[in-house]
>>> print(open('input-v5.cif').read())   # mmCIF, C-alpha atoms
data_protein
loop_
_atom_site.group_PDB
_atom_site.id
_atom_site.type_symbol
_atom_site.label_atom_id
_atom_site.label_comp_id
_atom_site.auth_asym_id
_atom_site.auth_seq_id
_atom_site.Cartn_x
_atom_site.Cartn_y
_atom_site.Cartn_z
ATOM 1 C CA MET H 1396 115.854 88.023 127.595
ATOM 2 C CA GLU H 1397 118.072 91.085 128.158
ATOM 3 C CA ASP H 1398 118.349 91.551 124.419
ATOM 4 C CA ILE H 1399 114.570 91.345 124.014
ATOM 5 C CA PHE H 1400 114.111 93.907 126.777
ATOM 6 C CA GLU H 1401 116.493 96.336 125.088
ATOM 7 C CA ARG H 1402 114.741 95.993 121.729
ATOM 8 C CA VAL H 1403 111.327 96.396 123.337
ATOM 9 C CA LYS H 1404 112.561 99.409 125.283
ATOM 10 C CA LYS H 1405 113.823 101.113 122.147
ATOM 11 C CA ILE H 1406 110.441 100.698 120.461
ATOM 12 C CA ILE H 1407 108.603 102.019 123.508
ATOM 13 C CA VAL H 1408 110.864 105.058 123.772
ATOM 14 C CA ASP H 1409 110.353 105.844 120.090
ATOM 15 C CA GLN H 1410 106.653 105.125 120.012
ATOM 16 C CA LEU H 1411 105.549 106.716 123.273
ATOM 17 C CA ASP H 1412 108.223 109.387 123.400
ATOM 18 C CA VAL H 1413 109.151 108.625 127.022
ATOM 19 C CA GLU H 1414 112.468 108.728 128.861
ATOM 20 C CA GLU H 1415 114.466 105.510 128.855
ATOM 21 C CA GLU H 1416 114.682 105.355 132.659
ATOM 22 C CA LYS H 1417 110.922 105.073 132.934
ATOM 23 C CA VAL H 1418 110.847 101.913 130.846
ATOM 24 C CA THR H 1419 111.256 99.186 133.463
ATOM 25 C CA MET H 1420 109.903 95.641 133.403
ATOM 26 C CA GLU H 1421 107.214 96.658 135.899
ATOM 27 C CA ALA H 1422 106.074 99.799 134.068
ATOM 28 C CA SER H 1423 102.457 99.780 132.928
ATOM 29 C CA PHE H 1424 101.969 101.328 129.504
ATOM 30 C CA ILE H 1425 98.834 103.179 130.479
ATOM 31 C CA ASP H 1426 99.511 104.001 134.155
ATOM 32 C CA ASP H 1427 103.233 104.717 134.041
ATOM 33 C CA LEU H 1428 104.104 105.517 130.445
ATOM 34 C CA GLU H 1429 101.101 107.697 129.614
ATOM 35 C CA ALA H 1430 99.939 105.580 126.711
ATOM 36 C CA ASP H 1431 96.277 105.490 125.733
ATOM 37 C CA SER H 1432 94.594 102.277 124.616
ATOM 38 C CA LEU H 1433 95.238 103.004 120.946
ATOM 39 C CA ASP H 1434 98.933 103.598 121.701
ATOM 40 C CA VAL H 1435 99.081 100.109 123.202
ATOM 41 C CA VAL H 1436 97.496 98.647 120.069
ATOM 42 C CA GLU H 1437 100.116 100.420 117.963
ATOM 43 C CA LEU H 1438 102.887 99.298 120.250
ATOM 44 C CA VAL H 1439 101.845 95.683 119.833
ATOM 45 C CA MET H 1440 101.824 96.225 116.055
ATOM 46 C CA GLU H 1441 105.394 97.543 116.235
ATOM 47 C CA LEU H 1442 106.479 94.593 118.365
ATOM 48 C CA GLU H 1443 104.921 92.201 115.852
ATOM 49 C CA ASP H 1444 107.006 93.790 113.105
ATOM 50 C CA GLU H 1445 110.219 93.976 115.148
ATOM 51 C CA PHE H 1446 110.038 90.342 116.264
ATOM 52 C CA ASP H 1447 108.359 89.061 113.106
ATOM 53 C CA MET H 1448 105.510 87.403 114.948
ATOM 54 C CA GLU H 1449 101.746 87.634 115.059
ATOM 55 C CA ILE H 1450 100.167 88.338 118.429
ATOM 56 C CA ALA H 1451 96.498 87.297 118.543
ATOM 57 C CA ASP H 1452 93.993 89.895 119.775
ATOM 58 C CA ASP H 1453 93.172 88.019 122.984
ATOM 59 C CA GLU H 1454 96.878 87.636 123.780
ATOM 60 C CA ALA H 1455 97.548 91.278 122.935
ATOM 61 C CA GLU H 1456 94.906 92.366 125.436
ATOM 62 C CA LYS H 1457 96.910 90.754 128.243
ATOM 63 C CA ILE H 1458 99.999 92.809 127.447
ATOM 64 C CA GLN H 1459 99.746 95.725 129.867
ATOM 65 C CA THR H 1460 103.268 96.160 131.191
ATOM 66 C CA VAL H 1461 106.702 96.174 129.614
ATOM 67 C CA GLY H 1462 107.351 92.870 131.394
ATOM 68 C CA ASP H 1463 104.198 91.336 129.869
ATOM 69 C CA ALA H 1464 105.515 92.186 126.416
ATOM 70 C CA VAL H 1465 109.051 90.937 127.065
ATOM 71 C CA ASN H 1466 107.812 87.690 128.621
ATOM 72 C CA TYR H 1467 105.329 87.068 125.844
ATOM 73 C CA ILE H 1468 107.965 87.554 123.166
ATOM 74 C CA ASN H 1469 110.493 85.463 125.093
ATOM 75 C CA SER H 1470 108.162 82.481 125.403
ATOM 76 C CA ASN H 1471 106.669 82.692 121.885
ATOM 77 C CA GLN H 1472 109.680 83.338 119.712
ATOM 78 C CA MET V 1151 93.599 115.760 93.293
ATOM 79 C CA LEU V 1152 94.347 112.308 94.642
ATOM 80 C CA THR V 1153 97.623 111.922 92.770
ATOM 81 C CA ASP V 1154 99.257 108.555 93.436
ATOM 82 C CA GLN V 1155 97.007 107.778 96.369
ATOM 83 C CA VAL V 1156 95.868 104.204 96.654
ATOM 84 C CA ALA V 1157 92.202 103.327 97.045
ATOM 85 C CA LEU V 1158 90.407 100.081 97.750
ATOM 86 C CA VAL V 1159 86.763 100.067 96.696
ATOM 87 C CA THR V 1160 84.656 97.084 97.699
ATOM 88 C CA GLY V 1161 81.898 95.925 95.395
ATOM 89 C CA ALA V 1162 83.438 97.954 92.584
ATOM 90 C CA SER V 1163 82.536 95.831 89.569
ATOM 91 C CA ARG V 1164 79.243 97.609 88.971
ATOM 92 C CA GLY V 1165 76.776 100.247 90.079
ATOM 93 C CA ILE V 1166 77.863 102.931 92.505
ATOM 94 C CA GLY V 1167 81.113 101.139 93.402
ATOM 95 C CA ARG V 1168 82.211 101.048 89.779
ATOM 96 C CA GLU V 1169 81.564 104.748 89.368
ATOM 97 C CA ILE V 1170 83.462 105.518 92.590
ATOM 98 C CA ALA V 1171 86.478 103.506 91.419
ATOM 99 C CA LEU V 1172 86.511 105.373 88.103
ATOM 100 C CA GLU V 1173 85.982 108.783 89.691
ATOM 101 C CA LEU V 1174 88.887 108.262 92.122
ATOM 102 C CA ALA V 1175 91.072 107.135 89.209
ATOM 103 C CA ARG V 1176 90.100 110.178 87.138
ATOM 104 C CA HIS V 1177 91.449 112.286 89.967
ATOM 105 C CA GLY V 1178 94.774 110.491 90.147
ATOM 106 C CA ALA V 1179 94.282 107.507 92.441
ATOM 107 C CA HIS V 1180 95.393 103.951 91.795
ATOM 108 C CA VAL V 1181 92.562 101.594 92.584
ATOM 109 C CA ALA V 1182 92.075 98.067 93.859
ATOM 110 C CA VAL V 1183 88.741 96.896 92.466
ATOM 111 C CA ASN V 1184 87.147 94.363 94.792
ATOM 112 C CA TYR V 1185 84.387 92.119 93.520
ATOM 113 C CA ALA V 1186 82.484 89.135 94.864
ATOM 114 C CA GLY V 1187 81.401 87.284 91.735
ATOM 115 C CA SER V 1188 81.480 89.534 88.667
ATOM 116 C CA LYS V 1189 85.036 88.861 87.523
ATOM 117 C CA GLU V 1190 84.622 90.056 83.949
ATOM 118 C CA LYS V 1191 82.952 93.273 84.987
ATOM 119 C CA ALA V 1192 85.714 93.919 87.527
ATOM 120 C CA GLU V 1193 88.343 93.302 84.843
ATOM 121 C CA SER V 1194 86.662 95.822 82.570
ATOM 122 C CA VAL V 1195 86.746 98.425 85.372
ATOM 123 C CA VAL V 1196 90.457 97.690 85.761
ATOM 124 C CA GLN V 1197 91.014 98.206 82.032
ATOM 125 C CA GLU V 1198 89.121 101.462 82.096
ATOM 126 C CA ILE V 1199 91.238 102.703 85.014
ATOM 127 C CA GLU V 1200 94.431 101.659 83.270
ATOM 128 C CA SER V 1201 93.354 103.553 80.170
ATOM 129 C CA LEU V 1202 93.293 106.663 82.386
ATOM 130 C CA GLY V 1203 96.967 106.028 83.107
ATOM 131 C CA ARG V 1204 96.521 104.733 86.668
ATOM 132 C CA LYS V 1205 97.337 101.369 88.131
ATOM 133 C CA ALA V 1206 94.540 98.987 89.015
ATOM 134 C CA ILE V 1207 94.004 95.417 90.128
ATOM 135 C CA ALA V 1208 90.875 93.324 90.507
ATOM 136 C CA ILE V 1209 90.660 91.331 93.731
ATOM 137 C CA GLN V 1210 88.014 88.730 94.455
ATOM 138 C CA ALA V 1211 87.033 88.671 98.109
ATOM 139 C CA ASP V 1212 83.976 88.040 100.219
ATOM 140 C CA VAL V 1213 83.767 90.978 102.627
ATOM 141 C CA LYS V 1214 81.907 88.973 105.251
ATOM 142 C CA ASP V 1215 84.806 86.524 105.567
ATOM 143 C CA GLU V 1216 87.649 87.759 107.773
ATOM 144 C CA GLN V 1217 90.382 85.700 106.138
ATOM 145 C CA SER V 1218 89.238 86.708 102.684
ATOM 146 C CA VAL V 1219 89.324 90.386 103.710
ATOM 147 C CA LYS V 1220 92.800 90.077 105.266
ATOM 148 C CA THR V 1221 94.133 88.440 102.113
ATOM 149 C CA MET V 1222 92.583 91.193 99.986
ATOM 150 C CA VAL V 1223 94.108 94.021 102.030
ATOM 151 C CA LYS V 1224 97.496 92.312 102.056
ATOM 152 C CA LYS V 1225 97.345 92.050 98.288
ATOM 153 C CA VAL V 1226 96.635 95.771 98.038
ATOM 154 C CA THR V 1227 99.506 96.766 100.331
ATOM 155 C CA ASP V 1228 101.887 94.265 98.712
ATOM 156 C CA THR V 1229 101.040 95.656 95.283
ATOM 157 C CA PHE V 1230 100.947 99.378 96.029
ATOM 158 C CA ASN V 1231 102.948 99.636 99.293
ATOM 159 C CA ARG V 1232 100.315 101.848 100.872
ATOM 160 C CA LEU V 1233 96.585 102.316 101.270
ATOM 161 C CA ASP V 1234 95.076 105.774 101.582
ATOM 162 C CA ILE V 1235 91.395 105.368 100.866
ATOM 163 C CA LEU V 1236 88.960 102.595 101.732
ATOM 164 C CA VAL V 1237 85.461 102.798 100.293
ATOM 165 C CA ASN V 1238 83.150 100.278 101.929
ATOM 166 C CA ASN V 1239 80.610 99.988 99.181
ATOM 167 C CA ALA V 1240 79.832 96.261 98.824
ATOM 168 C CA GLY V 1241 76.237 95.527 99.654
ATOM 169 C CA ILE V 1242 73.327 93.255 98.919
ATOM 170 C CA THR V 1243 69.562 93.318 99.406
ATOM 171 C CA LYS V 1244 67.133 90.545 100.297
ATOM 172 C CA ASP V 1245 63.917 92.475 100.757
ATOM 173 C CA ASN V 1246 60.789 91.189 102.394
ATOM 174 C CA LEU V 1247 58.287 92.145 105.042
ATOM 175 C CA ILE V 1248 59.430 91.209 108.525
ATOM 176 C CA MET V 1249 56.628 88.653 108.731
ATOM 177 C CA ARG V 1250 57.977 86.959 105.613
ATOM 178 C CA MET V 1251 61.700 87.523 106.111
ATOM 179 C CA LYS V 1252 63.716 84.400 106.766
ATOM 180 C CA GLU V 1253 66.386 84.471 109.438
ATOM 181 C CA LYS V 1254 69.013 83.721 106.820
ATOM 182 C CA ASP V 1255 67.918 86.685 104.699
ATOM 183 C CA PHE V 1256 68.401 88.873 107.736
ATOM 184 C CA THR V 1257 71.829 87.566 108.715
ATOM 185 C CA ASP V 1258 73.117 87.460 105.126
ATOM 186 C CA VAL V 1259 72.426 91.157 104.645
ATOM 187 C CA ILE V 1260 73.814 92.112 108.052
ATOM 188 C CA ASP V 1261 76.934 90.022 107.412
ATOM 189 C CA THR V 1262 77.761 91.588 104.055
ATOM 190 C CA ASN V 1263 76.512 95.136 104.592
ATOM 191 C CA LEU V 1264 77.531 95.690 108.218
ATOM 192 C CA LYS V 1265 80.017 93.061 109.361
ATOM 193 C CA GLY V 1266 81.822 93.488 106.048
ATOM 194 C CA VAL V 1267 82.398 97.170 106.822
ATOM 195 C CA PHE V 1268 83.793 96.272 110.242
ATOM 196 C CA LEU V 1269 86.140 93.624 108.835
ATOM 197 C CA CYS V 1270 87.473 95.836 106.042
ATOM 198 C CA THR V 1271 87.920 98.773 108.424
ATOM 199 C CA LYS V 1272 89.816 96.620 110.910
ATOM 200 C CA ALA V 1273 91.999 95.187 108.163
ATOM 201 C CA VAL V 1274 93.087 98.576 106.763
ATOM 202 C CA ALA V 1275 93.426 100.354 110.112
ATOM 203 C CA ARG V 1276 96.907 98.982 110.761
ATOM 204 C CA THR V 1277 98.335 100.378 107.543
ATOM 205 C CA MET V 1278 96.549 103.706 107.903
ATOM 206 C CA MET V 1279 97.620 104.083 111.550
ATOM 207 C CA LYS V 1280 101.244 103.556 110.551
ATOM 208 C CA GLN V 1281 100.897 106.064 107.740
ATOM 209 C CA ARG V 1282 99.286 108.502 110.144
ATOM 210 C CA SER V 1283 96.741 109.192 107.443
ATOM 211 C CA GLY V 1284 93.775 107.589 105.805
ATOM 212 C CA ARG V 1285 90.207 108.044 104.647
ATOM 213 C CA ILE V 1286 87.428 105.563 105.156
ATOM 214 C CA ILE V 1287 84.165 106.240 103.377
ATOM 215 C CA ASN V 1288 81.211 103.990 104.089
ATOM 216 C CA MET V 1289 78.111 103.590 101.964
ATOM 217 C CA ALA V 1290 75.107 104.014 104.214
ATOM 218 C CA SER V 1291 71.658 104.788 102.864
ATOM 219 C CA ILE V 1292 68.943 107.275 103.687
ATOM 220 C CA VAL V 1293 66.732 104.324 104.607
ATOM 221 C CA GLY V 1294 69.192 103.710 107.444
ATOM 222 C CA VAL V 1295 68.002 107.060 108.784
ATOM 223 C CA THR V 1296 64.290 106.879 107.949
ATOM 224 C CA GLY V 1297 63.449 103.165 107.971
ATOM 225 C CA ASN V 1298 61.751 101.505 105.020
ATOM 226 C CA PRO V 1299 59.051 98.837 104.925
ATOM 227 C CA GLY V 1300 60.277 95.581 103.396
ATOM 228 C CA GLN V 1301 63.919 96.256 104.198
ATOM 229 C CA ALA V 1302 64.332 95.441 107.890
ATOM 230 C CA ASN V 1303 67.650 93.690 107.274
ATOM 231 C CA TYR V 1304 69.046 96.328 104.918
ATOM 232 C CA VAL V 1305 67.885 99.228 107.082
ATOM 233 C CA ALA V 1306 69.289 97.655 110.241
ATOM 234 C CA ALA V 1307 72.632 97.142 108.487
ATOM 235 C CA LYS V 1308 72.755 100.692 107.104
ATOM 236 C CA ALA V 1309 71.775 102.239 110.446
ATOM 237 C CA GLY V 1310 74.535 100.079 111.914
ATOM 238 C CA VAL V 1311 76.983 101.439 109.340
ATOM 239 C CA ILE V 1312 76.165 104.977 110.478
ATOM 240 C CA GLY V 1313 76.926 104.081 114.104
ATOM 241 C CA LEU V 1314 80.071 102.237 113.071
ATOM 242 C CA THR V 1315 81.181 105.263 111.029
ATOM 243 C CA LYS V 1316 80.890 107.590 114.016
ATOM 244 C CA THR V 1317 82.682 105.207 116.366
ATOM 245 C CA THR V 1318 85.502 104.518 113.930
ATOM 246 C CA ALA V 1319 85.842 108.261 113.360
ATOM 247 C CA LYS V 1320 86.276 108.830 117.094
ATOM 248 C CA GLU V 1321 88.655 105.920 117.621
ATOM 249 C CA LEU V 1322 90.983 106.771 114.753
ATOM 250 C CA ALA V 1323 90.837 110.572 114.671
ATOM 251 C CA SER V 1324 94.058 110.885 116.682
ATOM 252 C CA ARG V 1325 95.878 109.018 113.924
ATOM 253 C CA ASN V 1326 94.566 111.358 111.242
ATOM 254 C CA ILE V 1327 92.209 108.762 109.808
ATOM 255 C CA LEU V 1328 88.972 110.416 108.741
ATOM 256 C CA VAL V 1329 85.829 108.338 108.541
ATOM 257 C CA ASN V 1330 82.569 109.433 106.962
ATOM 258 C CA ALA V 1331 79.463 107.921 105.477
ATOM 259 C CA VAL V 1332 77.554 108.777 102.336
ATOM 260 C CA ALA V 1333 73.843 108.053 102.421
ATOM 261 C CA PRO V 1334 72.486 107.735 98.900
ATOM 262 C CA GLY V 1335 68.831 108.228 98.215
ATOM 263 C CA PHE V 1336 67.235 106.696 95.169
ATOM 264 C CA ILE V 1337 70.045 105.976 92.718
ATOM 265 C CA THR V 1338 69.601 104.280 89.335
ATOM 266 C CA THR V 1339 71.535 100.965 89.616
ATOM 267 C CA ASP V 1340 70.923 97.219 89.304
ATOM 268 C CA MET V 1341 69.812 97.298 92.934
ATOM 269 C CA THR V 1342 66.951 99.693 92.220
ATOM 270 C CA ALA V 1343 66.173 98.360 88.734
ATOM 271 C CA VAL V 1344 63.995 95.664 90.293
ATOM 272 C CA LEU V 1345 61.468 98.252 91.517
ATOM 273 C CA THR V 1346 58.245 98.604 89.533
ATOM 274 C CA ASP V 1347 57.416 101.780 87.601
ATOM 275 C CA GLU V 1348 54.714 102.470 90.130
ATOM 276 C CA GLN V 1349 57.207 102.245 93.001
ATOM 277 C CA LYS V 1350 59.548 104.580 91.126
ATOM 278 C CA GLU V 1351 56.722 107.067 90.533
ATOM 279 C CA ASP V 1352 55.900 107.032 94.236
ATOM 280 C CA MET V 1353 59.541 107.559 95.067
ATOM 281 C CA LEU V 1354 59.836 110.536 92.705
ATOM 282 C CA LYS V 1355 57.070 112.334 94.539
ATOM 283 C CA LEU V 1356 59.273 112.329 97.631
ATOM 284 C CA ILE V 1357 62.293 113.875 95.902
ATOM 285 C CA PRO V 1358 62.338 117.700 95.949
ATOM 286 C CA LEU V 1359 64.824 117.806 93.068
ATOM 287 C CA THR V 1360 62.278 115.719 91.078
ATOM 288 C CA LYS V 1361 64.685 113.267 89.501
ATOM 289 C CA LEU V 1362 66.417 110.037 90.345
ATOM 290 C CA GLY V 1363 70.066 110.098 91.337
ATOM 291 C CA GLN V 1364 72.889 108.675 89.250
ATOM 292 C CA PRO V 1365 75.951 106.772 90.486
ATOM 293 C CA GLU V 1366 78.165 109.761 89.607
ATOM 294 C CA HIS V 1367 76.283 111.933 92.096
ATOM 295 C CA ILE V 1368 77.507 109.601 94.829
ATOM 296 C CA ALA V 1369 80.970 109.097 93.361
ATOM 297 C CA LYS V 1370 81.709 112.830 93.315
ATOM 298 C CA VAL V 1371 80.888 113.189 96.997
ATOM 299 C CA VAL V 1372 83.069 110.193 97.814
ATOM 300 C CA ARG V 1373 85.913 111.755 95.838
ATOM 301 C CA PHE V 1374 85.454 115.000 97.780
ATOM 302 C CA LEU V 1375 85.510 113.156 101.115
ATOM 303 C CA ALA V 1376 88.696 111.386 100.041
ATOM 304 C CA SER V 1377 90.406 114.657 99.077
ATOM 305 C CA ASP V 1378 92.385 117.265 101.006
ATOM 306 C CA ASP V 1379 89.410 119.584 100.709
ATOM 307 C CA ALA V 1380 87.583 117.437 103.271
ATOM 308 C CA SER V 1381 90.376 117.392 105.838
ATOM 309 C CA TYR V 1382 88.207 118.852 108.622
ATOM 310 C CA ILE V 1383 85.248 116.499 108.167
ATOM 311 C CA THR V 1384 84.942 113.275 110.125
ATOM 312 C CA GLY V 1385 82.141 111.184 111.595
ATOM 313 C CA GLN V 1386 79.541 112.703 109.286
ATOM 314 C CA VAL V 1387 76.756 111.220 107.213
ATOM 315 C CA ILE V 1388 76.302 113.107 103.951
ATOM 316 C CA HIS V 1389 72.883 112.608 102.380
ATOM 317 C CA VAL V 1390 73.019 112.555 98.598
ATOM 318 C CA ASP V 1391 69.366 112.116 97.810
ATOM 319 C CA GLY V 1392 67.973 115.109 95.941
ATOM 320 C CA GLY V 1393 66.599 116.446 99.205
ATOM 321 C CA MET V 1394 64.512 113.367 99.980
ATOM 322 C CA VAL V 1395 65.438 113.337 103.667
ATOM 323 C CA MET V 1396 66.107 116.580 105.497
#
>>> encode(input="input-v5.cif", output="structure tokens")
Amino acid sequence: MEDIFERVKKIIVDQLDVEEEKVTMEASFIDDLEADSLDVVELVMELEDEFDMEIADDEAEKIQTVGDAVNYINSNQ
Amino acid sequence: MLTDQVALVTGASRGIGREIALELARHGAHVAVNYAGSKEKAESVVQEIESLGRKAIAIQADVKDEQSVKTMVKKVTDTFNRLDILVNNAGITKDNLIMRMKEKDFTDVIDTNLKGVFLCTKAVARTMMKQRSGRIINMASIVGVTGNPGQANYVAAKAGVIGLTKTTAKELASRNILVNAVAPGFITTDMTAVLTDEQKEDMLKLIPLTKLGQPEHIAKVVRFLASDDASYITGQVIHVDGGMVM
């Protein structure tokens, strides 16, 4: 879980160009990390590549916070 | 020039699509030639492109089928490692007056001509977003602007393509993906060969430039829209119709 969080955090920092400290489990991509909806789509694409998994569109829509992403990856890997 | 860019042209085995595939290749692009049923014709387009010194592959796919489209796009990116230009050209007609048009004739045309554009756009967007560059050029039609008796399905699809073009342009502009439509007028192809001489005569009277269009008239505009010269154009519908609709 910790490892997943670190990998997810690295992608978010790169992709959204935000400071590491802001990337907490509770942080919302749009409200806290200044992503727009297309950024979130791209982020999910990056996560799919990093974790070699396919996230269906209706599942991807539910991923709104860093924690959502980490938990989804953790339970679907 | 489009040197070493990779293009996917749907419905490229004949007509306007064929000419677009060849025109892009003449200007340096490698081309994936999509076809629905005309395998031999697609293969001959591939050979012609290869004789120009570019790479080409023929890919069978039904644009109205999501899985088929995904497989096609994957084959393009697996083969060429990138995808710069998508030309949504595949289209069919099943003309009839509304009072005589069967529901299936309506949905078939919408599925291929409109849903197909959506599916192909969605399938290439991932690659183009990652590249931070891409061009999508959709074949609309001037009848999508004016309406045309006997073509309710086709007109509805082409008007839909224009709306889809503008929306896609807005959604993907921030990723440097430019999306435009070309609206051909009366172009000499298999699709228009079925018209009677009388219908053609009537059509000519409506064309200020007093002649029918050729596939290369369309192909050259597509090539321009795919090039660096068009880097400040997105969300537009370019009429290529001899002045028929102004």
>>> resolve_selection(input="input-v5.cif", expression="the PyMOL selection byres ((chain V) within 9 of (chain H))", output="PDB file with C-alpha atoms, in the frame of the given file")
ATOM      1  CA  ARG V1276      96.907  98.982 110.761  1.00  0.00           C
ATOM      2  CA  MET V1279      97.620 104.083 111.550  1.00  0.00           C
ATOM      3  CA  LYS V1280     101.244 103.556 110.551  1.00  0.00           C
ATOM      4  CA  GLU V1321      88.655 105.920 117.621  1.00  0.00           C
ATOM      5  CA  LEU V1322      90.983 106.771 114.753  1.00  0.00           C
TER       6      LEU V1322
END
>>> resolve_selection(input="input-v5.cif", expression="the PyMOL selection byres ((chain V and resi 1239-1251) around 7)", output="list of chain:residue names")
V:Val1159, V:Thr1160, V:Gly1161, V:Gly1167, V:Val1237, V:Asn1238, V:Lys1252, V:Glu1253, V:Asp1255, V:Val1259, V:Thr1262, V:Asn1263, V:Asn1288, V:Met1289, V:Pro1299, V:Gly1300, V:Gln1301, V:Ala1302, V:Tyr1304
>>> residues_around(input="input-v5.cif", residues="Leu1428 (chain H)", least_positions_apart="6", cutoff="9 Å", atoms="all atoms listed in the file", output="number ranges by chain")
H: 1407, 1411, 1413, 1417-1418, 1422
>>> closest_residue(input="input-v5.cif", among="H:Gln1459, H:Val1408, H:Val1403, H:Asp1453", to="Glu1421 (chain H)", atoms="all atoms listed in the file")
H:Gln1459
>>> resolve_selection(input="input-v5.cif", expression="the PyMOL selection byres ((chain V and resi 1325-1340) around 7)", output="number ranges by chain")
V: 1165, 1278-1279, 1282-1292, 1312, 1315, 1318-1319, 1322-1324, 1341-1343, 1362-1365, 1368, 1384-1391, 1394
>>> atom_distance(input="input-v5.cif", atom1="CA of Ala1179 (chain V)", atom2="CA of Gln1155 (chain V)")
4.8 Å
>>> residues_near_point(input="input-v5.cif", point="(105.1, 83.6, 121.8)", cutoff="12 Å", atoms="all atoms listed in the file", output="list of chain:residue names")
H:Leu1442, H:Glu1443, H:Phe1446, H:Asp1447, H:Met1448, H:Glu1449, H:Ile1450, H:Ala1451, H:Glu1454, H:Ala1455, H:Ile1458, H:Asp1463, H:Ala1464, H:Val1465, H:Asn1466, H:Tyr1467, H:Ile1468, H:Asn1469, H:Ser1470, H:Asn1471, H:Gln1472
>>> closest_atom_pairs(input="input-v5.cif", of="region 1228-1294 of chain V", to="region 1195-1212 of chain V", cutoff="9 Å", atoms="all atoms listed in the file", output="CSV")
residue,atom,partner,partner_atom,distance
V:Thr1229,CA,V:Ile1207,CA,8.7
V:Phe1230,CA,V:Lys1205,CA,8.9
V:Thr1262,CA,V:Asp1212,CA,8.1
V:Gly1266,CA,V:Asp1212,CA,8.3
>>> atom_distance(input="input-v5.cif", atom1="CA of Phe1424 (chain H)", atom2="CA of Lys1320 (chain V)")
21.4 Å
>>> axis_aligned_box(input="input-v5.cif", around="region 1240-1252 of chain V", padding_each_side="8 Å", output="AutoDock Vina command-line options")
--center_x 68.2 --center_y 90.3 --center_z 103.8 --size_x 39.2 --size_y 27.9 --size_z 25.9
>>> atom_distance(input="input-v5.cif", atom1="CA of Ala1306 (chain V)", atom2="CA of Ala1376 (chain V)")
25.9 Å
>>> closest_residue(input="input-v5.cif", among="H:Val1435, H:Ile1425, H:Val1461, H:Ala1430", to="Glu1401 (chain H)", atoms="all atoms listed in the file")
H:Val1461
>>> residues_around(input="input-v5.cif", residues="Ala1157 (chain V)", least_positions_apart="3", cutoff="6 Å", atoms="only C-alpha atoms", output="list of chain:residue names")
V:Val1181, V:Asp1234, V:Ile1235, V:Leu1236
>>> closest_residue(input="input-v5.cif", among="H:Asp1427, H:Asp1444, H:Val1439, H:Thr1419", to="Lys1457 (chain H)", atoms="all atoms listed in the file")
H:Val1439
>>> closest_residue(input="input-v5.cif", among="V:Tyr1185, V:Ser1163, V:Leu1158, V:Lys1191", to="Lys1224 (chain V)", atoms="all atoms listed in the file")
V:Leu1158
>>> build_atoms(input="input-v5.cif", residues="region 1309-1318 of chain V", atoms="N, CA, C and O atoms", output="PDB file, in the frame of the given file")
ATOM      1  N   ALA V1309      71.767 101.460 109.201  1.00  0.00           N
ATOM      2  CA  ALA V1309      71.775 102.239 110.446  1.00  0.00           C
ATOM      3  C   ALA V1309      73.005 101.846 111.259  1.00  0.00           C
ATOM      4  O   ALA V1309      73.664 102.696 111.871  1.00  0.00           O
ATOM      5  N   GLY V1310      73.329 100.557 111.239  1.00  0.00           N
ATOM      6  CA  GLY V1310      74.535 100.079 111.914  1.00  0.00           C
ATOM      7  C   GLY V1310      75.791 100.697 111.324  1.00  0.00           C
ATOM      8  O   GLY V1310      76.710 101.074 112.051  1.00  0.00           O
ATOM      9  N   VAL V1311      75.819 100.840 110.007  1.00  0.00           N
ATOM     10  CA  VAL V1311      76.983 101.439 109.340  1.00  0.00           C
ATOM     11  C   VAL V1311      77.176 102.888 109.805  1.00  0.00           C
ATOM     12  O   VAL V1311      78.306 103.349 110.005  1.00  0.00           O
ATOM     13  N   ILE V1312      76.070 103.577 110.018  1.00  0.00           N
ATOM     14  CA  ILE V1312      76.165 104.977 110.478  1.00  0.00           C
ATOM     15  C   ILE V1312      76.789 105.020 111.879  1.00  0.00           C
ATOM     16  O   ILE V1312      77.696 105.822 112.147  1.00  0.00           O
ATOM     17  N   GLY V1313      76.343 104.138 112.761  1.00  0.00           N
ATOM     18  CA  GLY V1313      76.926 104.081 114.104  1.00  0.00           C
ATOM     19  C   GLY V1313      78.383 103.668 114.076  1.00  0.00           C
ATOM     20  O   GLY V1313      79.231 104.232 114.786  1.00  0.00           O
ATOM     21  N   LEU V1314      78.683 102.713 113.220  1.00  0.00           N
ATOM     22  CA  LEU V1314      80.071 102.237 113.071  1.00  0.00           C
ATOM     23  C   LEU V1314      80.964 103.362 112.541  1.00  0.00           C
ATOM     24  O   LEU V1314      82.100 103.538 112.987  1.00  0.00           O
ATOM     25  N   THR V1315      80.442 104.131 111.602  1.00  0.00           N
ATOM     26  CA  THR V1315      81.181 105.263 111.029  1.00  0.00           C
ATOM     27  C   THR V1315      81.579 106.255 112.119  1.00  0.00           C
ATOM     28  O   THR V1315      82.731 106.700 112.199  1.00  0.00           O
ATOM     29  N   LYS V1316      80.623 106.587 112.970  1.00  0.00           N
ATOM     30  CA  LYS V1316      80.890 107.590 114.016  1.00  0.00           C
ATOM     31  C   LYS V1316      81.894 107.066 115.040  1.00  0.00           C
ATOM     32  O   LYS V1316      82.772 107.802 115.495  1.00  0.00           O
ATOM     33  N   THR V1317      81.760 105.790 115.392  1.00  0.00           N
ATOM     34  CA  THR V1317      82.682 105.207 116.366  1.00  0.00           C
ATOM     35  C   THR V1317      84.096 105.099 115.798  1.00  0.00           C
ATOM     36  O   THR V1317      85.074 105.450 116.459  1.00  0.00           O
ATOM     37  N   THR V1318      84.189 104.636 114.568  1.00  0.00           N
ATOM     38  CA  THR V1318      85.502 104.518 113.930  1.00  0.00           C
ATOM     39  C   THR V1318      86.143 105.903 113.813  1.00  0.00           C
ATOM     40  O   THR V1318      87.348 106.067 114.034  1.00  0.00           O
TER      41      THR V1318
END
